[in-house]
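**Student:** A single structure is presented below for examination.
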Amino acid sequence: MDAFSYRGGCLNCDDLPAAELASQVGTPCYVYSRAAIEQQYRTLTDAFAEADPLICYSVKANGNLAVLELLRGLGSGFDIVSGGELFRVRHIGADPSTVVFAGVGKTDREIREALDAGILMFNAESSSELAAINRVAADLGTTARVALRLNPDVDPQTHHYITTGKKENKFGIDFETAAGIVARITDYPHVRLVGYHGHIGSQVTDPKPHAESLGKLIEFANQCAPANSEIEYINIGGGFGIDYQPGQAVPPSAFAKLLVPVIREAGKKLILEPGRYIAGNSGILLTRVVHVKRSGGRRFIVCDAAMTDLIRPSLYDAYHAVWPVLSDAPFEENGCGPADVVGPVCESGDFLAKGRHLPDVQQGDLLAVFSAGAYGFAMSSNYNARTRAAEVLVDGDTYRVVRRRESYEDLIQQELP
Ligand SMILES: Cc1ncc(COP(=O)(O)O)c(C=O)c1O
């Protein structure tokens, strides 16, 4: 996490002291580093350079327009899962021929919008969806490019909530069913089958499951060639893990080492859909301590950020490092007592960290919640009528508020008398 480092007793984002940012923008506040996003994108593309993949950044991880614009500028395409995400990428002028559309429940409206936009392809997840794509494409007098999303039944060894390629998961189509669909592909004359897709899960820290999945996808592609078209693309999704704690992740080069020779041998175009890898460690959440209380023998540090701002700890028991913004001994737990870092939301499940060894923080102190750039703001909500946080993009020693903090008026804007 080079972008976020302690200098002279204060956490900096690039060349900006986080304490300064917090006093100017307020808290809770998401802070993203432009340099870190660029570095992550480049590290991934460099690692896979020999395969010359199409990188489709997964918008769901962090869909802020400034982040999307930055990635578009770097040459990224986009992986979307809804009409709303399509709207976002169109808004920043993404090249539609770099956009792929996944998700198990695409509606006719979303399919129509994507066809109108001219996206590269749908990742179709059922025969019912293929029929819908075929019907809408026929209505529009066009042909839709489609990759079938396969369920390779591979265990990515990650949290079961973010495992997506096991046979019990709702995603994709098992090989037997998919083979039946490919055999009858001419039943869908407005669909052109151009690829196979398989995303096995998120925060994957071992390249072997990805290699297993790719092997299965290619074997399937070799056995099941559609009658009326050619399989050009293999999309292995995203899932590249990051360090929430030091030493957890392996670099993209370790994935590339196993995957690139296989895809080159197969002679297919590779698509990658990284989300967390690009955004996760490119952002932090800044929060201020509202109260410190002791009860039942525990120390509770109550912050102004909550599960409504960062739900991953509550939802997945996810670990995010937390440390005071002002600190002469960053991450030095010796001599620190245990504490639960919690928010003000009326749920016992509202916590950012549990049982952490933290210094003796006081009311008004600032804390940083690390590795919060992906699935942070994107999963935030207004529960308890809480206004959602501001988002800031830092560029060297300057910053830009890229989403203003919500106001109380924002909370009621959509409601009718
Ligand atoms: C189809 C698909 N592609 C890509 C991603 C991005 O995953 P990650 O952020 O782990 O790279 C996801 C995440 O859920 C996904 O479902």
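Convention: chains lettered A, B, ... in structure tokens order; per-chain residue numbering from 1; ligands numbered from 1 as shown.
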Neighbours of ligand 1 at 6 Å or closer, counting only C-alpha atoms and all ligand atoms: which residues, as a list in words?

**Tutor:** Ser58, Ala61, Ala102, His199, Ser202, Gln203, Gly237, Gly238, Gly239, Phe240, Glu273, Pro274, Gly275, Arg276 and Tyr277 of chain A

**Student:** If we count only C-alpha atoms and set the cut-off at 12 Å, which residues sit around Asn235 of chain A, ignoring sequence neighbours fewer than 6 positions away in its own chain? Please answer as a ChimeraX atom specification.

**Tutor:** /A:53-56,79,100-102,121-123,146-150,194-200,210,213-215,217-218,221,259,263,268-274

**Student:** Which residue gives the smallest distance to His320 of chain A among A:Lys354, A:His91, A:Arg288, A:Arg294, with only C-alpha atoms counted?

**Tutor:** A:Lys354

**Student:** Pull the strand (DSSP E or B) assignments for segment 114-335 of chain A out of DSSP run on the backbone, and list those residues as an NGL selection string.

**Tutor:** :A and (121-124 or 144-150 or 163 or 173 or 191-197 or 201 or 204 or 233-235 or 240 or 269-272 or 283-295 or 298-303 or 322-324 or 326)

**Student:** Go through segment 389-410 of chain A and flag each residue having an atom no more than 10 Å from segment 35-46 of chain A; for those, report the closest pair of atoms plus their distance in Å to one decimal, using only C-alpha atoms, ordered by chain and rising number, as a Markdown table.

**Tutor:**
| residue | atom | partner | partner_atom | distance |
| --- | --- | --- | --- | --- |
| A:Leu393 | CA | A:Ala35 | CA | 9.9 |
| A:Val394 | CA | A:Ala35 | CA | 8.3 |
| A:Asp395 | CA | A:Ala35 | CA | 6.8 |
| A:Gly396 | CA | A:Ala35 | CA | 7.6 |

**Student:** Per residue of segment 329-361 of chain A within 10 Å of segment 370-392 of chain A, which atom pair is closest and at what distance in Å (one decimal), using only C-alpha atoms, listed by chain and increasing number, as CSV?

**Tutor:**
residue,atom,partner,partner_atom,distance
A:Pro344,CA,A:Asn384,CA,9.2
A:Val345,CA,A:Asn384,CA,6.6
A:Cys346,CA,A:Asn384,CA,7.6
A:Glu347,CA,A:Asn384,CA,10.0

**Student:** Could you work out how far atom CA of Leu140 of chain A lies from atom CA of Thr107 of chain A, giving the answer in Å with one decimal?

**Tutor:**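 Atom CA of Thr107 of chain A sits 15.3 Å away from atom CA of Leu140 of chain A.
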